[in-house]
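Raw my_file-v4.txt, compact mmCIF, C-alpha atoms:
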# COMPACT_ATOMS: atom_id res chain seq x y z
CA MET A 1 104.60 113.94 95.64
CA ASN A 2 105.99 113.34 99.13
CA GLU A 3 109.68 112.88 99.95
CA ALA A 4 109.50 109.07 99.98
CA GLN A 5 107.82 108.99 96.55
CA ASN A 6 110.32 111.48 95.17
CA LEU A 7 113.35 109.60 96.50
CA GLY A 8 111.89 106.26 95.40
CA SER A 9 111.30 107.55 91.88
CA ILE A 10 114.85 108.94 91.76
CA VAL A 11 116.31 105.59 92.83
CA LYS A 12 114.18 103.75 90.27
CA ARG A 13 115.00 106.21 87.49
CA GLN A 14 118.74 105.96 88.16
CA ARG A 15 118.59 102.16 88.38
CA ASN A 16 116.76 102.04 85.03
CA ARG A 17 119.24 104.46 83.46
CA LEU A 18 122.02 102.06 84.34
CA GLY A 19 120.05 99.09 83.02
CA LEU A 20 119.99 97.41 86.43
CA SER A 21 117.19 95.19 87.64
CA LEU A 22 116.19 95.26 91.29
CA LYS A 23 118.04 91.95 91.65
CA ASP A 24 121.19 93.48 90.11
CA LEU A 25 121.08 96.44 92.50
CA ALA A 26 120.43 94.13 95.44
CA GLY A 27 123.47 92.05 94.52
CA LYS A 28 125.71 95.08 94.18
CA SER A 29 124.47 96.85 97.31
CA GLY A 30 123.66 94.07 99.75
CA VAL A 31 120.14 95.47 100.24
CA SER A 32 117.34 92.97 99.65
CA VAL A 33 115.22 93.09 96.51
CA SER A 34 112.06 93.45 98.59
CA HIS A 35 113.47 96.37 100.59
CA LEU A 36 114.62 98.14 97.42
CA GLY A 37 111.19 97.60 95.86
CA ARG A 38 109.50 99.10 98.91
CA ILE A 39 111.82 102.13 98.71
CA GLU A 40 111.06 102.63 95.01
CA ASN A 41 107.33 102.32 95.65
CA ALA A 42 107.49 104.77 98.59
CA HIS A 43 106.46 102.15 101.14
CA ARG A 44 109.76 102.54 103.02
CA TYR A 45 112.11 105.46 103.56
CA PRO A 46 115.76 104.38 103.50
CA SER A 47 118.12 104.88 106.41
CA THR A 48 121.48 106.54 105.91
CA ASN A 49 123.05 103.07 106.07
CA VAL A 50 120.92 101.86 103.14
CA LEU A 51 121.63 105.05 101.20
CA ARG A 52 125.36 104.47 101.64
CA LYS A 53 124.99 100.93 100.30
CA ILE A 54 123.04 101.90 97.18
CA ALA A 55 124.82 105.15 96.28
CA LYS A 56 127.86 103.68 94.54
CA PRO A 57 126.00 100.97 92.56
CA LEU A 58 123.63 103.72 91.38
CA GLY A 59 126.58 105.85 90.29
CA LEU A 60 125.67 108.59 92.76
CA ASP A 61 127.78 110.39 95.31
CA GLU A 62 126.71 109.61 98.90
CA ASN A 63 126.25 113.29 99.72
CA GLU A 64 124.13 113.76 96.61
CA LEU A 65 121.85 110.92 97.69
CA PHE A 66 121.77 112.26 101.27
CA ASN A 67 120.71 115.66 99.88
CA LEU A 68 117.95 114.05 97.83
CA ALA A 69 116.78 112.14 100.91
CA GLY A 70 116.71 115.30 103.00
CA TYR A 71 119.48 114.22 105.38
CA LEU A 72 121.70 117.11 104.27
CA PRO A 73 120.66 120.64 103.29
CA ILE A 74 120.28 121.13 99.57
CA GLU A 75 122.55 123.76 98.14
CA GLN A 76 120.70 126.10 95.81
CA PRO A 77 122.37 126.30 92.42
CA LYS A 78 124.25 129.50 91.73
CA THR A 79 123.08 131.66 88.82
CA PRO A 80 125.41 130.11 86.16
CA ASP A 81 124.25 126.66 87.24
CA LEU A 82 120.55 127.44 86.86
CA GLU A 83 120.56 126.70 83.13
CA LYS A 84 122.43 123.44 83.75
CA HIS A 85 119.90 122.55 86.44
CA LYS A 86 116.99 123.18 84.04
CA LEU A 87 118.66 121.08 81.34
CA LEU A 88 119.22 118.22 83.76
CA LYS A 89 115.54 118.26 84.73
CA GLU A 90 114.59 118.16 81.05
CA LEU A 91 117.02 115.29 80.52
CA ASP A 92 115.36 113.38 83.38
CA ILE A 93 111.99 113.72 81.65
CA LEU A 94 113.42 112.48 78.36
CA VAL A 95 115.14 109.52 80.04
CA ASP A 96 111.85 108.56 81.69
CA ARG A 97 110.13 108.61 78.31
CA ILE A 98 112.87 106.53 76.70
CA THR A 99 112.75 104.02 79.55
CA ALA A 100 108.98 103.70 79.19
CA ASP A 101 109.28 103.30 75.41
CA THR A 102 112.03 100.70 75.82
CA ASN A 103 109.87 98.71 78.21
CA ARG A 104 106.95 98.87 75.76
CA ILE A 105 109.20 97.63 72.94
CA LYS A 106 110.44 94.74 75.10
CA ASN A 107 106.86 93.75 75.88
CA ILE A 108 105.92 93.82 72.20
CA VAL A 109 108.94 91.69 71.27
CA ARG A 110 108.13 89.20 74.06
CA GLY A 111 104.55 89.03 72.79
CA LEU A 112 105.74 88.36 69.25
CA HIS A 113 108.07 85.60 70.44
CA LYS A 114 105.23 83.92 72.35
CA LYS A 115 103.04 83.94 69.23
CA SER A 116 105.81 82.44 67.06

Can I see the file as structure tokens?
Amino acid sequence: MNEAQNLGSIVKRQRNRLGLSLKDLAGKSGVSVSHLGRIENAHRYPSTNVLRKIAKPLGLDENELFNLAGYLPIEQPKTPDLEKHKLLKELDILVDRITADTNRIKNIVRGLHKKS
């Protein structure tokens, strides 16, 4: 996975965690829906200006997002933080699964409503 794909997936994951649509994030950040979609799909790499605009609506600290984007050096976690870091990675995986399951459930419910 390249940096653009990684950052795009992080932005999308965080947006989904907060229950925001692309339109919601666009409204809160002032960045167009199409630009946000291209970032999430790794077709565009965001500038620092765009990262500043989307950080707060995504509930992320600007520096944290800059680190993820490679604009600032990433601090390696200290030994006591390693376990926390591992747990956070595991939590990310679980959130992705829940998001996927939630989307599947929504599609099933929509399908049932159409058949009614």

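Shortest separation to A:Phe66 among A:Leu82, A:Ile54, A:Leu94, A:Val31 occurs at residue A:Ile54, atoms counted being all atoms listed in the file.
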
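Rounded to one decimal, atom CA of A:Pro46 and atom CA of A:Leu7 lie 9.1 Å from each other.
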
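Nearest to A:Gly37 of all the residues A:Lys12, A:Leu60, A:Val50, A:Lys115 is A:Lys12, counting only C-alpha atoms.
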
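Using only C-alpha atoms, the smallest distance between any of A:Lys89, A:Ala69, A:Leu58, A:Asn6 and A:Ser21 comes from A:Leu58.
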
Rank A:Val95, A:Leu87, A:Val33, A:Leu112 by their smallest atom-to-atom distance to A:Leu18, using all atoms listed in the file, and report the top residue only. A:Val95

Which is closer to A:Asn41 than all the others in A:Ala26, A:Ile108, A:Leu72, A:Ile10, using all atoms listed in the file? A:Ile10

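In this structure, atom CA of A:Leu68 sits 13.6 Å away from atom CA of A:Glu40.
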
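Across the model, the gap from atom CA of A:Gln14 to atom CA of A:Asp61 is 12.3 Å.
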